[in-house]
Amino acid sequence: MPSDNVTAYRFGVFTLEIRAHELRKGGVRLKLQEQPREVLLRLLDRPGEVVGREELRAALWREDTFVDFENGLNTAIKRLRESLGDSADNPIFIQTIPRRGYRFLAPVEVVLESATTNLPKKSAAESVGIYRPSTLVKRSRLLAVVAVGIAAIATTFVVIRSPHMPHVVNTVRLTNDGKSKITPNVPVTDGVHLYFVEGAPWGAGSRIAQMSVMGGETSWIQTSLPNILSIYAISPDRSELLVSSGIAVGSDSGSDAAGELWVQPLPAGAPHRVGNLLAASASWTPDGKHIVFADHHALWSTSRTGDGIRKIADLPGVVRSLRFSPDGKRIRFFVIHQKAESGSIWEINTDGSHLHPLFADAIEFPFQCCGSWSTDGKFFYFQTGRGQGQSIRAIREGSGYSTASAATELISGPLRFGAPVPSADGKRLFVVGEEPRVELFRYQLRTGHFDPFLPALAGPVDFSRDGKLITYVSYPDMTLWRSRADGSERIQLTFSPVRAFQPRWSPGGEQIAFLNVAVNQPWKIYVVASRGGNPRQLIPDEKNESDADPGWMPDGKTIIFSKSVETDRAHVSIYRTNVETGETVAIPHSDDLFSSRVSPDGRYIAALRNDQMGLMLFDVSTGQWSSLARGGQLNYNDWSHDGNFVYVRENHAGAAEVVRVRVKDHSKEKVVDLRDFPQLNDVFAGWIGLTPDDDLLLLRDRSLQEIYALDLEFH
């Protein structure tokens with residue numbers, strides 16, 4: 001049992017408070033019965049050691065107590081694991097030692113209450129112990145004795161100090177060109193140069209840039225590839241880049257997009273394609289003889305030419321940032337979930353065995369990504385969080401860390417730092433720092449000119465039917481507002497954690513429907529009164545189902561929307577629901593269609609095919625679908641106010657444009673080329689809309705995105 005000056009044990013996101021007899025997760029008290037709590041206490045007091053079943057029996061039941069001991073202890077362990085979210089088959093915290101007992105696996109932080117003495121003052125770090133699985137019980141006793149000799153006021157010190165962990169001592173901006181850097185696969189380094197992708201793949205195209213690791217001027221790699229999507233890796237001999245090029249094939253969100261896999265020689269030369277493969281991420285094996293790549297939900301191995309393809313394992317989601325461990329035994333990557341709004345880092349052995357999440361607290365950190373090993377394999381750097389909560393963290397390999405929250409935070413804010421890549425000597429960490437910003441622009445069809453539109457709004461907008469009011473989403477915080485058409489008299493309608501998108505006025509102007517794109521949750525449609533109030537979820541929660549694209553029918557009582565099932569990404573269809581009764585029915589023959597948009601008179605519904613290669617039209621009166629247009633990668637369709645045209649964004653051959661299709665004869669014409677119109681590489685910032693006069697509205701990228709070097713020192 002713990003000594004008297006032990007006040008609490010901490011492990012991962014959990015804290016067991018000794019005197020209060022309470023288990024807390026992130027500060028929230030959990031329900032845990034006495035016997036499971038007593039078992040946990042004894043395991044935490046001796047982490048890494050086997051605590052015998054007979055010892056636990058003696059602690060939980062007196063000798064004269066008649067009880068089914070085996071069943072009672074098994075029940076206590078089961079309930080304890082349920083509270084910790086642990087698994088007997090793949091334990092993170094509690095390991096079963098057959099016929100012997102149990103062992104606590106994770107690092108344990110011991111919070112000690114110091115004694116009041118006049119002895120020389122020790123550092124606060126000495127008032128805390130971090131037990132690791134290899135720690136012996138003698139060390140726990142020694143720490144308690146040392147703590148008694150600490151001179152301090154009667155207080156509790158909580159300082160975590162791990163030996164030889166890095167910390168940032170200086171930050172240096174290396175680029176200053178104001179151009180977009182495509183993440184999460186940038187940059188890579190050969191020890192002398194940095195290589196990264198600049199430009200938007202759907203705008204003016206994107207190219208491979210290079211610069212010295214010390215900073216300076218940026219130059220371009222000469223290549224015949226017209227459009228670079230990502231740099232995946234640099235070869236072990238530093239003579240080639242593994243890149244993706246062409247048109248990204250995948251969903252409208254881009255989260256499962258895959259491009260053609262190419263090898264680009266350095267410093268210049270003719271690239272060659274790796275077979276006919278499409279890859280969402282890829283890397284060379286450490287010997288440079290093979291390539292491992294992810295194709296949607298599976299991991300594969302192939303030769304440098306694309307021959308001899310072999311499946312390694314099925315994966316739990318779309319994969320990015322494949323990284324081999326320096327010893328070549330493991331592969332780490334991050335898995336994207338729910339339309340790129342959440343993700344977690346996973347690990348697998350190179351033979352396809354032992355696939356598992358790297359950290360136990362994915363719920364506490366719903367977005368973990370973009371990890372890289374140091375060249376010596378001692379540290380692993382990665383990004384956690386989104387928005388203002390984004391930071392770069394580090395763990396020491398072999399330290400027993402099992403939670404992202406226990407890793408050392410290197411830097412956070414005010415910029416969003418991501419995509420960490422260590423230098424060859426390990427003394428620097430290259431990262432992308434960004435401050436995302438957009439500006440609302442109007443394209444006037446009559447004059448063919450772009451100009452700023454309501455600069456104070458800076459986000460997607462929708463106009464009331466009479467054109468007097470606006471509802472808009474501020475970017476990047478994604479809060480919903482209402483104002484007059486000139487931007488005055490603004491009223492905020494939603495607050496965090498709600499993240500609003502696709503707002504739509506009801507025909508009468510009394511309500512606004514919008515999509516809540518909350519992080520780490522299925523997307524859901526809400527309705528809020530335009531004068532303000534509590535938003536109401538329209539469609540009841542269903543497991544693994546997400547909703548999108550709300551649009552009102554002219555009666556003001558019906559909303560058309562699309563629904564997708566996350567466990568079956570191919571299944572998406574369109575529904576209608578009665579706002580008052582909640583009755584919901586599917587639109588006939590709408591399987592594999594999404595992005596539903598209702599015409600102003602309610603006669604038609606325009607929708608995109610799930611492969612984004614076609615625009616479809618549904619006649620409400622006949623109940624029949626017909627093809628309205630075909631093209632490249634289509635997204636963000638919208639009706640003209642007279643109902644004669646459907647505007648749609650079309651991406652092809654690395655360029656983007658807005659086209660419109662005449663409903664009467666299905667003819668398609670280009671409205672504007674977006675090749676020279678910078679836009680942010682974000683699904684929400686690719687939005688298009690129309691003013692009441694049918695001028696085009698777009699979001700122009702005004703972000704700051706540069707590469708920084710973080711100088712590191714090690715404790």
# chains A, B, ... in the order shown; residues from 1 in each chain; ligands from 1

$ select_by_dssp --residues "segment 165-406 of chain A" --states "strand (DSSP E or B)" --output "VMD selection string"
chain A and resid 166 to 173 181 188 to 189 193 to 198 207 to 212 219 to 220 228 to 234 240 to 249 258 to 265 272 to 279 281 to 284 290 to 295 298 to 303 310 to 314 318 to 324 330 to 337 342 to 349 356 to 357 367 to 373 379 to 384 391 to 396

$ atom_distance --atom1 "atom CA of Gln624 of chain A" --atom2 "atom CA of Lys524 of chain A"
27.4 Å

$ atom_distance --atom1 "atom CA of Gly385 of chain A" --atom2 "atom CA of Phe367 of chain A"
5.0 Å

$ residues_around --residues "Ile392 of chain A" --least-positions-apart "3" --cutoff "7 Å" --atoms "only C-alpha atoms" --output "compact mmCIF listing (two decimals) with C-alpha atoms, in the first residue's frame"
# COMPACT_ATOMS: atom_id res chain seq x y z
CA PHE A 382 3.76 14.10 -33.94
CA GLN A 383 0.92 16.61 -34.04
CA THR A 384 -2.14 16.61 -31.78
CA GLU A 409 4.56 19.18 -25.60
CA LEU A 410 7.21 21.02 -27.62
CA ILE A 411 5.26 23.97 -29.00
CA SER A 412 1.69 25.21 -29.38
CA PHE A 417 2.29 24.03 -36.25
CA GLY A 418 2.10 20.66 -37.97

$ residues_around --residues "Asp295 of chain A" --least-positions-apart "6" --cutoff "9 Å" --atoms "only C-alpha atoms" --output "number ranges by chain"
A: 256, 258, 277-281, 318-319

$ atom_distance --atom1 "atom CA of Pro554 of chain A" --atom2 "atom CA of Lys468 of chain A"
18.3 Å

$ residues_around --residues "Ser562 of chain A" --least-positions-apart "6" --cutoff "9 Å" --atoms "only C-alpha atoms" --output "list in words"
Ser546, Asp547, Ala548, Asp549, Pro550, Val572, Ser573, Ile574, Tyr575, Arg576, Leu593, Phe594, Ser595 and Ser596 of chain A

$ write_last_selection --atoms "N, CA, C and O atoms" --output "short mmCIF file (atom, residue, chain, number, x, y, z; two decimals), in the first residue's frame"
data_model
loop_
_atom_site.label_atom_id
_atom_site.label_comp_id
_atom_site.auth_asym_id
_atom_site.auth_seq_id
_atom_site.Cartn_x
_atom_site.Cartn_y
_atom_site.Cartn_z
N SER A 546 -23.92 9.79 -41.00
CA SER A 546 -23.69 11.23 -41.07
C SER A 546 -24.65 11.84 -42.08
O SER A 546 -25.00 11.21 -43.09
N ASP A 547 -25.08 13.07 -41.81
CA ASP A 547 -25.99 13.79 -42.69
C ASP A 547 -25.27 14.98 -43.29
O ASP A 547 -24.26 15.46 -42.76
N ALA A 548 -25.78 15.47 -44.42
CA ALA A 548 -25.16 16.62 -45.09
C ALA A 548 -26.15 17.26 -46.04
O ALA A 548 -27.24 16.74 -46.29
N ASP A 549 -25.76 18.43 -46.57
CA ASP A 549 -26.44 19.10 -47.68
C ASP A 549 -27.91 19.43 -47.41
O ASP A 549 -28.78 19.11 -48.22
N PRO A 550 -28.24 20.09 -46.31
CA PRO A 550 -29.65 20.42 -46.07
C PRO A 550 -30.15 21.48 -47.06
O PRO A 550 -29.44 22.41 -47.42
N VAL A 572 -24.44 5.93 -49.91
CA VAL A 572 -24.91 7.28 -49.65
C VAL A 572 -26.16 7.49 -50.48
O VAL A 572 -26.27 6.97 -51.60
N SER A 573 -27.12 8.17 -49.95
CA SER A 573 -28.38 8.40 -50.68
C SER A 573 -29.03 9.66 -50.14
O SER A 573 -28.57 10.28 -49.18
N ILE A 574 -30.15 10.05 -50.78
CA ILE A 574 -30.81 11.32 -50.49
C ILE A 574 -32.18 11.05 -49.85
O ILE A 574 -32.90 10.12 -50.26
N TYR A 575 -32.53 11.86 -48.86
CA TYR A 575 -33.78 11.69 -48.12
C TYR A 575 -34.50 13.04 -48.04
O TYR A 575 -33.93 14.09 -48.30
N ARG A 576 -35.74 12.95 -47.62
CA ARG A 576 -36.49 14.15 -47.26
C ARG A 576 -37.13 13.91 -45.89
O ARG A 576 -37.51 12.79 -45.56
N LEU A 593 -25.86 8.93 -54.59
CA LEU A 593 -25.97 10.35 -54.92
C LEU A 593 -25.87 11.18 -53.64
O LEU A 593 -26.32 10.75 -52.58
N PHE A 594 -25.28 12.37 -53.75
CA PHE A 594 -25.15 13.26 -52.60
C PHE A 594 -25.15 14.70 -53.10
O PHE A 594 -25.37 14.97 -54.28
N SER A 595 -24.88 15.66 -52.20
CA SER A 595 -24.86 17.08 -52.52
C SER A 595 -26.17 17.51 -53.17
O SER A 595 -26.20 18.12 -54.24
N SER A 596 -27.28 17.19 -52.51
CA SER A 596 -28.60 17.51 -53.04
C SER A 596 -28.89 19.00 -52.93
O SER A 596 -28.63 19.62 -51.90
#

$ residues_around --residues "Ser627 of chain A" --least-positions-apart "5" --cutoff "7 Å" --atoms "only C-alpha atoms" --output "count of residues only"
3

$ closest_residue --among "A:Ala59, A:Val528, A:Ile331, A:Ile605" --to "Gln35 of chain A" --atoms "only C-alpha atoms"
A:Ala59

$ closest_residue --among "A:Tyr195, A:Asp466, A:Glu713, A:His652" --to "Arg675 of chain A" --atoms "only C-alpha atoms"
A:His652

$ residues_around --residues "Gly275 of chain A" --least-positions-apart "4" --cutoff "7 Å" --atoms "only C-alpha atoms" --output "number ranges by chain"
A: 305-307

$ write_last_selection --atoms "all heavy atoms" --output "mmCIF file, in the first residue's frame"
data_model
loop_
_atom_site.group_PDB
_atom_site.id
_atom_site.type_symbol
_atom_site.label_atom_id
_atom_site.label_comp_id
_atom_site.auth_asym_id
_atom_site.auth_seq_id
_atom_site.Cartn_x
_atom_site.Cartn_y
_atom_site.Cartn_z
ATOM 1 N N THR A 305 9.142 -0.792 -59.486
ATOM 2 C CA THR A 305 8.472 -0.627 -60.777
ATOM 3 C C THR A 305 6.980 -0.904 -60.711
ATOM 4 O O THR A 305 6.287 -0.777 -61.717
ATOM 5 C CB THR A 305 9.111 -1.553 -61.829
ATOM 6 O OG1 THR A 305 8.991 -2.918 -61.390
ATOM 7 C CG2 THR A 305 10.574 -1.210 -62.024
ATOM 8 N N GLY A 306 6.486 -1.304 -59.538
ATOM 9 C CA GLY A 306 5.060 -1.579 -59.396
ATOM 10 C C GLY A 306 4.677 -3.017 -59.636
ATOM 11 O O GLY A 306 3.485 -3.343 -59.716
ATOM 12 N N ASP A 307 5.670 -3.916 -59.738
ATOM 13 C CA ASP A 307 5.396 -5.344 -59.945
ATOM 14 C C ASP A 307 5.358 -6.070 -58.598
ATOM 15 O O ASP A 307 5.855 -5.584 -57.591
ATOM 16 C CB ASP A 307 6.487 -5.973 -60.819
ATOM 17 C CG ASP A 307 6.559 -5.325 -62.197
ATOM 18 O OD1 ASP A 307 5.480 -4.974 -62.722
ATOM 19 O OD2 ASP A 307 7.678 -5.162 -62.711
#

$ closest_residue --among "A:Lys289, A:Arg53, A:Arg428, A:Lys563" --to "Asp711 of chain A" --atoms "only C-alpha atoms"
A:Arg428

$ decode --residues "segment 248-374 of chain A" --atoms "C-alpha atoms" --output "mmCIF file, in the first residue's frame"
data_model
loop_
_atom_site.group_PDB
_atom_site.id
_atom_site.type_symbol
_atom_site.label_atom_id
_atom_site.label_comp_id
_atom_site.auth_asym_id
_atom_site.auth_seq_id
_atom_site.Cartn_x
_atom_site.Cartn_y
_atom_site.Cartn_z
ATOM 1 C CA ALA A 248 -6.878 13.052 -56.715
ATOM 2 C CA VAL A 249 -9.455 10.267 -56.891
ATOM 3 C CA GLY A 250 -11.772 10.044 -53.890
ATOM 4 C CA SER A 251 -14.617 11.696 -52.031
ATOM 5 C CA ASP A 252 -15.572 15.367 -52.088
ATOM 6 C CA SER A 253 -13.887 15.859 -48.735
ATOM 7 C CA GLY A 254 -10.573 14.708 -50.166
ATOM 8 C CA SER A 255 -9.960 12.578 -47.078
ATOM 9 C CA ASP A 256 -9.714 9.349 -49.065
ATOM 10 C CA ALA A 257 -8.237 10.897 -52.214
ATOM 11 C CA ALA A 258 -5.449 8.958 -53.924
ATOM 12 C CA GLY A 259 -3.127 10.051 -56.727
ATOM 13 C CA GLU A 260 -0.846 8.426 -59.271
ATOM 14 C CA LEU A 261 2.381 7.150 -57.706
ATOM 15 C CA TRP A 262 5.590 8.484 -59.312
ATOM 16 C CA VAL A 263 9.345 8.490 -58.655
ATOM 17 C CA GLN A 264 11.038 11.846 -59.304
ATOM 18 C CA PRO A 265 14.873 11.837 -59.588
ATOM 19 C CA LEU A 266 16.944 14.485 -57.793
ATOM 20 C CA PRO A 267 18.131 17.106 -58.493
ATOM 21 C CA ALA A 268 16.246 16.772 -61.801
ATOM 22 C CA GLY A 269 15.332 14.175 -64.383
ATOM 23 C CA ALA A 270 12.527 12.319 -66.079
ATOM 24 C CA PRO A 271 10.062 10.812 -63.591
ATOM 25 C CA HIS A 272 8.696 7.299 -63.958
ATOM 26 C CA ARG A 273 5.371 5.966 -62.744
ATOM 27 C CA VAL A 274 5.177 3.072 -60.292
ATOM 28 C CA GLY A 275 3.009 0.686 -62.312
ATOM 29 C CA ASN A 276 -0.547 1.951 -62.615
ATOM 30 C CA LEU A 277 -0.924 2.414 -58.886
ATOM 31 C CA LEU A 278 -3.018 4.969 -57.046
ATOM 32 C CA ALA A 279 -1.852 5.709 -53.520
ATOM 33 C CA ALA A 280 -3.113 7.800 -50.619
ATOM 34 C CA SER A 281 0.314 7.520 -48.961
ATOM 35 C CA ALA A 282 3.562 5.664 -49.606
ATOM 36 C CA SER A 283 7.143 5.159 -48.440
ATOM 37 C CA TRP A 284 10.295 3.309 -49.417
ATOM 38 C CA THR A 285 11.437 0.420 -47.293
ATOM 39 C CA PRO A 286 14.669 1.260 -45.409
ATOM 40 C CA ASP A 287 16.759 -0.748 -47.906
ATOM 41 C CA GLY A 288 15.202 1.157 -50.829
ATOM 42 C CA LYS A 289 14.268 -2.015 -52.706
ATOM 43 C CA HIS A 290 10.505 -1.910 -52.234
ATOM 44 C CA ILE A 291 7.671 0.567 -51.800
ATOM 45 C CA VAL A 292 4.899 0.264 -49.242
ATOM 46 C CA PHE A 293 1.733 2.164 -50.070
ATOM 47 C CA ALA A 294 -1.793 2.636 -48.766
ATOM 48 C CA ASP A 295 -4.692 2.367 -51.184
ATOM 49 C CA HIS A 296 -7.815 3.534 -49.346
ATOM 50 C CA HIS A 297 -8.306 0.882 -46.614
ATOM 51 C CA ALA A 298 -5.392 -1.518 -47.191
ATOM 52 C CA LEU A 299 -1.594 -1.564 -46.930
ATOM 53 C CA TRP A 300 0.415 -3.029 -49.823
ATOM 54 C CA SER A 301 4.003 -3.765 -50.818
ATOM 55 C CA THR A 302 5.402 -3.579 -54.351
ATOM 56 C CA SER A 303 8.680 -3.342 -56.214
ATOM 57 C CA ARG A 304 10.084 -0.018 -57.398
ATOM 58 C CA THR A 305 8.472 -0.627 -60.777
ATOM 59 C CA GLY A 306 5.060 -1.579 -59.396
ATOM 60 C CA ASP A 307 5.396 -5.344 -59.945
ATOM 61 C CA GLY A 308 4.796 -8.111 -57.440
ATOM 62 C CA ILE A 309 2.075 -6.359 -55.438
ATOM 63 C CA ARG A 310 1.458 -8.027 -52.071
ATOM 64 C CA LYS A 311 -1.185 -7.142 -49.518
ATOM 65 C CA ILE A 312 0.214 -6.560 -46.028
ATOM 66 C CA ALA A 313 -2.945 -5.853 -44.039
ATOM 67 C CA ASP A 314 -6.391 -4.319 -44.050
ATOM 68 C CA LEU A 315 -6.530 -0.927 -42.341
ATOM 69 C CA PRO A 316 -9.204 0.736 -40.174
ATOM 70 C CA GLY A 317 -9.522 3.847 -42.344
ATOM 71 C CA VAL A 318 -7.869 6.135 -44.874
ATOM 72 C CA VAL A 319 -4.120 6.404 -44.251
ATOM 73 C CA ARG A 320 -1.658 9.278 -44.495
ATOM 74 C CA SER A 321 2.033 9.797 -43.547
ATOM 75 C CA LEU A 322 3.455 6.284 -43.743
ATOM 76 C CA ARG A 323 6.723 6.168 -41.815
ATOM 77 C CA PHE A 324 9.147 3.263 -41.281
ATOM 78 C CA SER A 325 10.992 2.988 -37.991
ATOM 79 C CA PRO A 326 14.758 3.437 -38.450
ATOM 80 C CA ASP A 327 15.305 -0.249 -37.642
ATOM 81 C CA GLY A 328 12.801 -1.207 -40.362
ATOM 82 C CA LYS A 329 10.647 -3.346 -38.072
ATOM 83 C CA ARG A 330 7.546 -1.147 -37.736
ATOM 84 C CA ILE A 331 5.399 1.217 -39.770
ATOM 85 C CA ARG A 332 3.455 4.109 -38.297
ATOM 86 C CA PHE A 333 0.777 6.162 -39.985
ATOM 87 C CA PHE A 334 -2.270 8.172 -39.111
ATOM 88 C CA VAL A 335 -5.774 7.034 -39.922
ATOM 89 C CA ILE A 336 -8.366 9.595 -40.998
ATOM 90 C CA HIS A 337 -11.877 9.197 -39.621
ATOM 91 C CA GLN A 338 -15.171 10.959 -40.369
ATOM 92 C CA LYS A 339 -14.355 13.228 -43.287
ATOM 93 C CA ALA A 340 -10.868 14.183 -42.147
ATOM 94 C CA GLU A 341 -12.096 15.846 -38.955
ATOM 95 C CA SER A 342 -10.507 13.290 -36.653
ATOM 96 C CA GLY A 343 -7.615 10.890 -36.844
ATOM 97 C CA SER A 344 -5.283 8.742 -34.773
ATOM 98 C CA ILE A 345 -1.770 7.327 -35.128
ATOM 99 C CA TRP A 346 -1.499 3.570 -35.618
ATOM 100 C CA GLU A 347 1.372 1.109 -35.759
ATOM 101 C CA ILE A 348 1.910 -2.232 -37.466
ATOM 102 C CA ASN A 349 4.817 -4.642 -37.779
ATOM 103 C CA THR A 350 6.261 -4.864 -41.287
ATOM 104 C CA ASP A 351 4.991 -8.449 -41.588
ATOM 105 C CA GLY A 352 1.405 -7.213 -41.074
ATOM 106 C CA SER A 353 1.069 -8.343 -37.476
ATOM 107 C CA HIS A 354 0.120 -6.425 -34.320
ATOM 108 C CA LEU A 355 -1.952 -3.633 -35.871
ATOM 109 C CA HIS A 356 -2.939 -1.279 -33.051
ATOM 110 C CA PRO A 357 -3.414 2.388 -32.100
ATOM 111 C CA LEU A 358 -0.211 3.920 -30.801
ATOM 112 C CA PHE A 359 -1.949 5.784 -27.963
ATOM 113 C CA ALA A 360 -4.650 4.873 -25.509
ATOM 114 C CA ASP A 361 -6.278 8.295 -25.330
ATOM 115 C CA ALA A 362 -7.520 8.866 -28.874
ATOM 116 C CA ILE A 363 -10.773 10.237 -27.445
ATOM 117 C CA GLU A 364 -8.903 12.867 -25.436
ATOM 118 C CA PHE A 365 -6.925 13.841 -28.555
ATOM 119 C CA PRO A 366 -9.348 13.334 -31.468
ATOM 120 C CA PHE A 367 -6.749 14.420 -34.022
ATOM 121 C CA GLN A 368 -3.263 12.889 -33.928
ATOM 122 C CA CYS A 369 -1.276 12.915 -37.114
ATOM 123 C CA CYS A 370 1.824 13.529 -39.142
ATOM 124 C CA GLY A 371 4.422 11.683 -37.078
ATOM 125 C CA SER A 372 8.120 11.186 -37.846
ATOM 126 C CA TRP A 373 10.944 9.310 -36.115
ATOM 127 C CA SER A 374 14.262 10.962 -35.386
#
